[in-house]
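As stored in work15.txt (compact mmCIF, C-alpha atoms):
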```txt
# COMPACT_ATOMS: atom_id res chain seq x y z
CA ASP A 634 165.36 138.30 89.71
CA VAL A 635 164.36 135.80 87.02
CA ILE A 636 162.42 133.45 89.29
CA SER A 637 160.37 136.17 90.95
CA ALA A 638 159.55 137.65 87.54
CA LEU A 639 158.45 134.36 85.98
CA VAL A 640 156.61 132.62 88.82
CA PRO A 641 153.52 134.88 88.74
CA HIS A 642 152.82 133.70 85.18
CA TYR A 643 152.29 130.20 86.53
CA LEU A 644 150.05 131.12 89.48
CA SER A 645 146.29 131.54 89.42
CA PRO A 646 144.79 134.95 90.30
CA SER A 647 143.74 133.59 93.72
CA GLN A 648 147.24 132.22 94.39
CA ARG A 649 148.79 135.57 93.51
CA ALA A 650 146.32 137.42 95.71
CA SER A 651 146.82 135.16 98.72
CA ALA A 652 150.65 135.07 98.59
CA SER A 653 152.05 136.23 101.91
CA THR A 654 155.26 138.14 102.61
CA GLY A 655 158.32 135.97 102.00
CA TRP A 656 156.46 133.48 99.81
CA LEU A 657 159.24 133.31 97.23
CA ASN A 658 162.00 132.58 99.75
CA ARG A 659 159.91 129.82 101.28
CA ALA A 660 159.13 128.35 97.86
CA VAL A 661 162.78 128.36 96.81
CA THR A 662 163.85 126.76 100.11
CA GLU A 663 161.27 124.02 99.64
CA ALA A 664 162.32 123.47 96.02
CA CYS A 665 165.93 122.98 97.15
CA ALA A 666 164.97 120.38 99.78
CA PRO A 667 165.53 116.66 99.07
CA VAL A 668 162.61 114.73 97.61
CA ARG A 669 162.52 110.93 97.79
CA GLY A 670 166.02 110.55 99.15
CA GLU A 671 168.74 112.89 97.91
CA THR A 672 167.11 114.21 94.73
CA ARG A 673 166.52 117.96 94.84
CA PRO A 674 164.36 119.76 92.25
CA MET A 675 166.78 122.71 92.38
CA GLN A 676 170.21 123.38 93.82
CA PRO A 677 171.92 126.70 94.55
CA ALA A 678 174.78 127.61 92.19
CA GLY A 679 177.43 130.30 92.39
CA ASP A 680 180.68 131.44 90.84
CA HIS A 681 182.22 132.46 94.14
CA MET A 682 182.44 131.03 97.64
CA THR A 683 179.42 131.66 99.89
CA SER A 684 177.47 133.44 97.12
CA ILE A 685 174.34 132.21 95.34
CA ASP A 686 174.15 133.53 91.79
CA GLY A 687 171.27 131.33 90.68
CA TYR A 688 169.78 127.84 90.82
CA GLN A 689 170.40 124.70 88.79
CA VAL A 690 167.33 122.63 87.94
CA SER A 691 167.71 118.86 88.27
CA ASP A 692 168.06 116.75 85.13
CA MET A 693 165.05 114.71 86.21
CA LEU A 694 162.83 117.79 86.34
CA LEU A 695 164.10 119.01 82.97
CA GLU A 696 163.40 115.63 81.42
CA TYR A 697 159.87 115.71 82.84
CA ALA A 698 159.32 119.15 81.34
CA ARG A 699 160.52 117.91 77.94
CA THR A 700 158.44 114.75 77.84
CA SER A 701 155.30 115.26 79.92
CA HIS A 702 152.07 116.19 78.15
CA LYS A 703 151.07 117.98 81.35
CA VAL A 704 153.64 120.71 80.72
CA GLY A 705 152.23 123.14 78.17
CA PRO A 706 154.18 125.38 75.79
CA VAL A 707 155.86 128.51 77.09
CA THR A 708 153.57 131.46 76.40
CA ARG A 709 154.68 134.58 74.57
CA GLU A 710 154.15 136.57 77.78
CA VAL A 711 156.66 134.35 79.60
CA TRP A 712 159.21 134.72 76.79
CA GLU A 713 158.79 138.50 76.80
CA THR A 714 159.19 138.65 80.58
CA LEU A 715 162.27 136.44 80.42
CA ILE A 716 164.12 138.58 77.89
CA THR A 717 163.43 141.74 79.89
CA VAL A 718 164.91 140.38 83.13
CA VAL A 719 167.93 138.49 81.73
CA ALA A 720 171.02 140.69 81.57
CA ASP A 721 173.83 138.25 80.72
CA PRO A 722 174.45 138.37 76.92
CA ALA A 723 175.41 134.68 76.78
CA VAL A 724 172.19 133.71 78.57
CA LEU A 725 170.22 135.95 76.22
CA TYR A 726 171.71 134.06 73.29
CA ALA A 727 170.72 130.73 74.89
CA VAL A 728 167.19 132.05 75.45
CA GLY A 729 167.03 133.11 71.79
CA ALA A 730 168.09 129.65 70.63
CA ALA A 731 165.51 128.03 72.91
CA ALA A 732 162.82 130.37 71.57
CA TYR A 733 163.67 129.48 67.98
CA TYR A 734 163.50 125.74 68.61
CA SER A 735 160.22 126.29 70.46
CA GLY A 736 158.64 127.83 67.37
CA GLN A 737 159.03 131.47 68.39
CA PRO A 738 161.19 133.04 65.65
CA GLU A 739 160.07 136.59 66.45
CA ILE A 740 161.09 136.20 70.09
CA ALA A 741 164.34 134.59 68.94
CA LYS A 742 165.09 137.55 66.68
CA LEU A 743 164.39 140.05 69.46
CA THR A 744 166.55 138.11 71.90
CA PHE A 745 169.43 137.58 69.47
CA GLN A 746 169.36 141.31 68.73
CA ARG A 747 169.59 142.15 72.44
CA ALA A 748 172.46 139.68 72.83
CA ALA A 749 174.23 141.13 69.79
CA ASP A 750 173.76 144.69 71.04
CA ALA A 751 175.39 143.60 74.30
CA GLY A 752 178.41 142.25 72.45
CA ASN A 753 177.54 138.56 72.14
CA VAL A 754 178.88 137.29 68.80
CA GLY A 755 176.61 134.25 68.94
CA GLY A 756 173.68 136.65 68.83
CA ILE A 757 175.01 138.15 65.59
CA ASN A 758 175.36 134.68 64.08
CA GLY A 759 171.87 133.87 65.32
CA LEU A 760 170.47 136.86 63.46
CA GLY A 761 172.24 135.65 60.33
CA PHE A 762 170.71 132.21 60.77
CA LEU A 763 167.22 133.67 61.13
CA MET A 764 167.67 135.84 58.05
CA HIS A 765 168.90 132.83 56.10
CA CYS A 766 165.84 130.81 57.20
CA ALA A 767 163.63 133.70 56.10
CA GLY A 768 165.23 133.69 52.65
CA ASP A 769 166.98 137.05 53.06
CA ARG A 770 170.42 136.07 51.77
CA SER A 771 171.76 139.61 51.76
CA ALA A 772 170.95 140.22 55.43
CA ALA A 773 172.15 136.73 56.37
CA GLU A 774 175.53 137.30 54.73
CA TYR A 775 175.80 140.70 56.43
CA TYR A 776 175.38 139.18 59.89
CA PHE A 777 177.53 136.12 59.15
CA ARG A 778 180.34 138.41 57.98
CA GLN A 779 180.02 140.51 61.13
CA ALA A 780 180.30 137.45 63.36
CA ALA A 781 183.05 135.93 61.20
CA GLU A 782 185.16 139.04 61.73
CA PHE A 783 185.26 138.06 65.40
CA GLY A 784 186.33 134.53 64.45
CA HIS A 785 183.02 132.90 65.40
CA PRO A 786 183.41 129.29 64.12
CA ALA A 787 179.75 128.62 63.26
CA ALA A 788 179.45 131.97 61.49
CA LEU A 789 182.56 131.19 59.43
CA ASN A 790 181.04 127.85 58.46
CA ASN A 791 177.69 129.45 57.64
CA LEU A 792 179.35 132.19 55.59
CA GLY A 793 181.40 129.57 53.77
CA GLY A 794 178.23 127.74 52.82
CA MET A 795 176.64 130.88 51.43
CA LEU A 796 179.76 131.78 49.49
CA ALA A 797 180.06 128.27 48.05
CA VAL A 798 176.45 128.36 46.83
CA GLY A 799 177.14 131.76 45.29
CA GLY A 800 180.16 130.43 43.41
CA HIS A 801 182.80 132.20 45.52
CA ILE A 802 184.74 129.00 46.05
CA GLU A 803 188.12 130.41 47.09
CA GLU A 804 186.64 132.62 49.81
CA ALA A 805 184.36 129.78 50.94
CA GLU A 806 187.41 127.52 51.33
CA GLN A 807 189.12 130.18 53.45
CA CYS A 808 186.09 130.46 55.71
CA TYR A 809 185.81 126.70 56.13
CA GLN A 810 189.51 126.44 56.93
CA ARG A 811 189.25 129.15 59.60
CA ALA A 812 186.26 127.34 61.10
CA ILE A 813 188.16 124.03 61.06
CA ASP A 814 191.19 125.65 62.68
CA ALA A 815 188.83 126.89 65.42
CA GLY A 816 187.62 123.32 66.02
CA HIS A 817 184.23 123.55 64.26
CA LYS A 818 183.65 119.94 63.11
CA PRO A 819 180.75 120.55 60.65
CA ALA A 820 183.14 122.61 58.52
CA LEU A 821 185.13 119.43 57.83
CA THR A 822 182.17 117.90 56.03
CA ASN A 823 181.51 121.09 54.10
CA MET A 824 185.15 121.33 53.07
CA GLY A 825 184.98 117.75 51.82
CA PHE A 826 181.89 118.55 49.77
CA LEU A 827 183.60 121.66 48.40
CA PHE A 828 186.56 119.64 47.15
CA GLU A 829 184.34 116.88 45.79
CA ASP A 830 182.39 119.51 43.85
CA LYS A 831 185.71 120.85 42.50
CA GLY A 832 186.61 117.35 41.30
CA ASN A 833 189.37 116.79 43.87
CA ALA A 834 188.31 113.38 45.18
CA GLY A 835 191.52 112.89 47.15
CA LEU A 836 191.09 115.97 49.34
CA ALA A 837 187.36 115.35 49.56
CA GLU A 838 188.08 111.89 50.99
CA THR A 839 190.59 113.36 53.45
CA TYR A 840 188.07 115.79 54.89
CA TYR A 841 185.20 113.32 54.87
CA ARG A 842 187.35 110.85 56.81
CA ARG A 843 188.31 113.52 59.35
CA ALA A 844 184.68 114.52 59.77
CA ALA A 845 183.56 110.89 60.02
CA ASP A 846 186.20 110.23 62.67
CA ALA A 847 184.74 113.23 64.55
CA GLY A 848 181.31 111.58 64.50
CA SER A 849 179.60 113.10 61.46
CA ALA A 850 177.00 110.73 60.00
CA GLU A 851 176.64 112.99 56.93
CA ALA A 852 180.38 112.79 56.24
CA LEU A 853 180.29 109.01 56.64
CA ASN A 854 177.50 108.81 54.09
CA ASN A 855 179.32 111.14 51.70
CA LEU A 856 182.49 109.11 52.09
CA GLY A 857 180.63 105.91 51.30
CA THR A 858 179.11 107.45 48.18
CA LEU A 859 182.51 108.75 47.07
CA LEU A 860 184.17 105.37 47.55
CA ALA A 861 181.37 103.56 45.73
CA SER A 862 181.65 105.93 42.78
CA ARG A 863 185.37 105.18 42.70
CA GLY A 864 184.79 101.43 42.47
CA GLU A 865 185.50 100.58 46.11
CA PRO A 866 182.16 99.08 47.18
CA GLU A 867 183.54 96.95 50.00
CA GLU A 868 184.87 99.88 52.04
CA ALA A 869 181.88 101.98 51.00
```
In structure tokens, what does this structure look like?
Amino acid sequence: DVISALVPHYLSPSQRASASTGWLNRAVTEACAPVRGETRPMQPAGDHMTSIDGYQVSDMLLEYARTSHKVGPVTREVWETLITVVADPAVLYAVGAAAYYSGQPEIAKLTFQRAADAGNVGGINGLGFLMHCAGDRSAAEYYFRQAAEFGHPAALNNLGGMLAVGGHIEEAEQCYQRAIDAGHKPALTNMGFLFEDKGNAGLAETYYRRAADAGSAEALNNLGTLLASRGEPEEA
């Protein structure tokens, strides 16, 4: 159980020593009770009727954890405990992503590897991303290709970027197109840049406009630059 494994890390030695039988059930019950009206710190959640598969933390509590200076960083011990008790590959991937953005790349790598070993394609892409950040292009491409074989949209986009930088333009275009077909919006911007780099301003504009319509600020900026260079400052 994730909660029972993590809670001891946040208790003092005296609190752990004085905990009585059933302390966790009582704590969870209290955490699910309304506070100041109808707001509950946690709520039971389940995939099936009458079953509790876990607990959903309130948005208010999550926001407090993100913004309050009273909440310290997650320690390495907590991360290590978390990745040993989580079994769901998709959750492992999410934990790995959270670890990376919390400045724990080693924990992220370990977690992505566990997710990948359990069949999570996002974990494979995550390993590629970490290798790319570390400057190991060969390993990054290896993992991106593995994930791309499963049709992972972000991996296809990432692989396309690596291929484009390496001068493999035709294969990069194929990867971007597969990512676009799978609904990966960032690939639209990359495809536009690819065509602009090839000197095909018409297709570049088409993809930049599609990406801009999908909400990409980068594509909007690229489109403006392209239009300005073409002598259309008003629309730019």
Checklist entry - Rounded to one decimal in Å, what is the spacing between CA of Ala767 in chain A and CA of Gly729 in chain A? => result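 Computed distance, CA of Ala767 in chain A to CA of Gly729 in chain A, equals 16.1 Å.
The space between CA of Gln746 in chain A and CA of Leu760 in chain A spans 7.0 Å.
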Next on the checklist: The residues within 6 Å of (161.7, 133.6, 62.8), using only C-alpha atoms and the coordinates of the file, should be reported as a list in words; which are they?
Outcome noted: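 Residues with an atom close enough to that point: Pro738, Glu739 and Leu763 of chain A.
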Checklist entry - In Å, how far is it from CA of Arg778 in chain A to CA of Arg842 in chain A? => result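 Taking CA of Arg778 in chain A and CA of Arg842 in chain A, their separation equals 28.5 Å.
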Next on the checklist: Just checking: using all atoms listed in the file, which residue out of A:Val690, A:Leu796, A:Ala698, A:Ala861 ends up closest to Ala664 in chain A?
Outcome noted: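 The shortest atom-to-atom distance to Ala664 in chain A comes from A:Val690.
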Checklist entry - For Arg770 in chain A, which residue out of A:Val798, A:Ala749, A:Ala660, A:Ile636 is the nearest one, using only C-alpha atoms? => result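 Of A:Val798, A:Ala749, A:Ala660, A:Ile636, the one nearest Arg770 in chain A, counting only C-alpha atoms, is A:Val798.
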Checklist entry - Restricting the calculation to all atoms listed in the file, which member of A:Val719, A:Ile685, A:Ala805, A:Ala815 is positioned closest to Phe828 in chain A? => result A:Ala805
Using only C-alpha atoms, which residues sit within 10 Å of Leu789 in chain A once same-chain residues fewer than 2 positions away are excluded, as a PDB file with C-alpha atoms, keeping the file's coordinate frame?
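As written to disk, part.pdb reads:
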```pdb
ATOM      1  CA  ASN A 758     175.360 134.680  64.080  1.00  0.00           C
ATOM      2  CA  PHE A 777     177.530 136.120  59.150  1.00  0.00           C
ATOM      3  CA  ARG A 778     180.340 138.410  57.980  1.00  0.00           C
ATOM      4  CA  GLN A 779     180.020 140.510  61.130  1.00  0.00           C
ATOM      5  CA  ALA A 780     180.300 137.450  63.360  1.00  0.00           C
ATOM      6  CA  ALA A 781     183.050 135.930  61.200  1.00  0.00           C
ATOM      7  CA  GLU A 782     185.160 139.040  61.730  1.00  0.00           C
ATOM      8  CA  PHE A 783     185.260 138.060  65.400  1.00  0.00           C
ATOM      9  CA  GLY A 784     186.330 134.530  64.450  1.00  0.00           C
ATOM     10  CA  HIS A 785     183.020 132.900  65.400  1.00  0.00           C
ATOM     11  CA  PRO A 786     183.410 129.290  64.120  1.00  0.00           C
ATOM     12  CA  ALA A 787     179.750 128.620  63.260  1.00  0.00           C
ATOM     13  CA  ASN A 791     177.690 129.450  57.640  1.00  0.00           C
ATOM     14  CA  LEU A 792     179.350 132.190  55.590  1.00  0.00           C
ATOM     15  CA  GLY A 793     181.400 129.570  53.770  1.00  0.00           C
ATOM     16  CA  GLY A 794     178.230 127.740  52.820  1.00  0.00           C
ATOM     17  CA  MET A 795     176.640 130.880  51.430  1.00  0.00           C
ATOM     18  CA  ALA A 805     184.360 129.780  50.940  1.00  0.00           C
ATOM     19  CA  GLN A 807     189.120 130.180  53.450  1.00  0.00           C
ATOM     20  CA  CYS A 808     186.090 130.460  55.710  1.00  0.00           C
ATOM     21  CA  TYR A 809     185.810 126.700  56.130  1.00  0.00           C
ATOM     22  CA  GLN A 810     189.510 126.440  56.930  1.00  0.00           C
ATOM     23  CA  ARG A 811     189.250 129.150  59.600  1.00  0.00           C
ATOM     24  CA  ALA A 812     186.260 127.340  61.100  1.00  0.00           C
ATOM     25  CA  ILE A 813     188.160 124.030  61.060  1.00  0.00           C
ATOM     26  CA  ALA A 815     188.830 126.890  65.420  1.00  0.00           C
ATOM     27  CA  HIS A 817     184.230 123.550  64.260  1.00  0.00           C
ATOM     28  CA  ALA A 820     183.140 122.610  58.520  1.00  0.00           C
TER      29      ALA A 820
END
```
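Distance check against Ala850 in chain A using only C-alpha atoms: of A:Val711, A:Lys818, A:Asp830, A:Arg747, the minimum falls on A:Lys818.
Remark: for Gly799 in chain A, the closest of the candidate residues A:Thr744, A:Ser771, A:Thr839, A:Asn823 is A:Ser771 (distances computed over only C-alpha atoms).
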Next on the checklist: So, with all atoms listed in the file as the atoms that count, which of A:His642, A:Arg863, A:Lys831, A:Arg699 lies closest to Thr714 in chain A?
Outcome noted: A:His642
Would you give me, as CSV, each residue of range 681-722 of chain A having an atom within 10 Å of an atom of range 668-673 of chain A, along with its shortest atom pair and that distance in Å to one decimal, using all atoms listed in the file and sorting by chain and residue number?
```
residue,atom,partner,partner_atom,distance
A:Gln689,CA,A:Arg673,CA,9.9
A:Val690,CA,A:Arg673,CA,8.4
A:Ser691,CA,A:Arg673,CA,6.7
A:Asp692,CA,A:Arg673,CA,9.9
A:Met693,CA,A:Thr672,CA,8.8
A:Leu694,CA,A:Arg673,CA,9.3
```
Next on the checklist: Here's a test: counting all atoms listed in the file, identify every protein, DNA and RNA residue with an atom at most 12 Å from (160.0, 138.4, 84.4) in the file's coordinate frame, and state them as an MDAnalysis selection string.
Outcome noted: chainID A and resid 634:643 709:720
Dump as a compact mmCIF listing (two decimals), keeping the file's coordinate frame, selection limited to C-alpha atoms:
```
# COMPACT_ATOMS: atom_id res chain seq x y z
CA ASP A 634 165.36 138.30 89.71
CA VAL A 635 164.36 135.80 87.02
CA ILE A 636 162.42 133.45 89.29
CA SER A 637 160.37 136.17 90.95
CA ALA A 638 159.55 137.65 87.54
CA LEU A 639 158.45 134.36 85.98
CA VAL A 640 156.61 132.62 88.82
CA PRO A 641 153.52 134.88 88.74
CA HIS A 642 152.82 133.70 85.18
CA TYR A 643 152.29 130.20 86.53
CA ARG A 709 154.68 134.58 74.57
CA GLU A 710 154.15 136.57 77.78
CA VAL A 711 156.66 134.35 79.60
CA TRP A 712 159.21 134.72 76.79
CA GLU A 713 158.79 138.50 76.80
CA THR A 714 159.19 138.65 80.58
CA LEU A 715 162.27 136.44 80.42
CA ILE A 716 164.12 138.58 77.89
CA THR A 717 163.43 141.74 79.89
CA VAL A 718 164.91 140.38 83.13
CA VAL A 719 167.93 138.49 81.73
CA ALA A 720 171.02 140.69 81.57
```
Could you get me a file of range 649-737 of chain A with C-alpha atoms, as a short mmCIF file (atom, residue, chain, number, x, y, z; two decimals), in the first residue's frame, taken from the block above?
```cif
data_model
loop_
_atom_site.label_atom_id
_atom_site.label_comp_id
_atom_site.auth_asym_id
_atom_site.auth_seq_id
_atom_site.Cartn_x
_atom_site.Cartn_y
_atom_site.Cartn_z
CA ARG A 649 6.13 6.27 14.81
CA ALA A 650 6.80 4.69 18.19
CA SER A 651 3.50 5.81 19.71
CA ALA A 652 1.28 4.83 16.76
CA SER A 653 -1.43 2.46 17.95
CA THR A 654 -3.08 -0.41 16.09
CA GLY A 655 -5.33 0.87 13.31
CA TRP A 656 -3.66 4.28 13.15
CA LEU A 657 -3.58 4.33 9.35
CA ASN A 658 -7.28 3.52 8.92
CA ARG A 659 -8.19 6.25 11.37
CA ALA A 660 -5.90 8.74 9.63
CA VAL A 661 -7.34 7.96 6.21
CA THR A 662 -10.91 8.24 7.53
CA GLU A 663 -10.13 11.63 9.03
CA ALA A 664 -8.43 12.81 5.83
CA CYS A 665 -11.56 11.91 3.85
CA ALA A 666 -13.85 13.87 6.20
CA PRO A 667 -15.15 17.32 5.15
CA VAL A 668 -13.15 20.33 6.29
CA ARG A 669 -14.70 23.79 6.32
CA GLY A 670 -17.89 22.77 4.58
CA GLU A 671 -17.72 20.16 1.82
CA THR A 672 -14.01 20.28 1.00
CA ARG A 673 -12.27 16.97 1.67
CA PRO A 674 -8.46 16.63 1.65
CA MET A 675 -8.83 13.19 0.05
CA GLN A 676 -11.62 11.20 -1.54
CA PRO A 677 -11.85 7.46 -2.21
CA ALA A 678 -11.55 6.44 -5.86
CA GLY A 679 -12.21 3.14 -7.61
CA ASP A 680 -12.61 1.58 -11.01
CA HIS A 681 -15.45 -0.70 -9.95
CA MET A 682 -18.59 -0.38 -7.86
CA THR A 683 -18.12 -0.70 -4.08
CA SER A 684 -14.32 -1.02 -4.38
CA ILE A 685 -11.68 1.49 -3.26
CA ASP A 686 -8.57 1.29 -5.41
CA GLY A 687 -6.94 4.44 -4.08
CA TYR A 688 -7.51 8.03 -3.02
CA GLN A 689 -7.69 11.28 -4.95
CA VAL A 690 -6.09 14.30 -3.30
CA SER A 691 -8.02 17.57 -3.53
CA ASP A 692 -6.85 20.25 -5.95
CA MET A 693 -6.61 22.71 -3.07
CA LEU A 694 -4.18 20.48 -1.19
CA LEU A 695 -2.09 19.89 -4.32
CA GLU A 696 -1.91 23.63 -4.96
CA TYR A 697 -0.77 24.19 -1.38
CA ALA A 698 1.95 21.58 -1.81
CA ARG A 699 3.13 23.29 -5.01
CA THR A 700 3.21 26.83 -3.65
CA SER A 701 3.82 26.70 0.10
CA HIS A 702 7.35 27.25 1.39
CA LYS A 703 6.41 25.04 4.34
CA VAL A 704 6.39 21.97 2.10
CA GLY A 705 9.97 20.82 1.58
CA PRO A 706 11.35 18.84 -1.36
CA VAL A 707 10.67 15.12 -1.64
CA THR A 708 13.67 13.27 -0.25
CA ARG A 709 15.51 10.57 -2.15
CA GLU A 710 14.36 8.03 0.45
CA VAL A 711 10.72 8.86 -0.32
CA TRP A 712 11.31 8.53 -4.08
CA GLU A 713 13.03 5.18 -3.60
CA THR A 714 10.21 3.91 -1.40
CA LEU A 715 7.62 5.09 -3.90
CA ILE A 716 9.13 3.28 -6.87
CA THR A 717 9.38 0.03 -4.90
CA VAL A 718 5.70 -0.02 -3.92
CA VAL A 719 4.13 1.23 -7.19
CA ALA A 720 3.27 -1.65 -9.52
CA ASP A 721 1.23 0.01 -12.28
CA PRO A 722 3.57 0.75 -15.26
CA ALA A 723 1.65 3.89 -16.22
CA VAL A 724 1.93 5.24 -12.67
CA LEU A 725 5.64 4.38 -12.65
CA TYR A 726 6.06 6.48 -15.79
CA ALA A 727 4.23 9.39 -14.13
CA VAL A 728 6.45 9.05 -11.05
CA GLY A 729 9.52 9.10 -13.31
CA ALA A 730 8.35 12.29 -15.02
CA ALA A 731 7.66 13.91 -11.64
CA ALA A 732 11.11 12.89 -10.42
CA TYR A 733 12.78 14.43 -13.46
CA TYR A 734 10.97 17.75 -13.08
CA SER A 735 11.85 17.69 -9.37
CA GLY A 736 15.55 17.56 -10.17
CA GLN A 737 16.03 13.83 -9.63
#
```
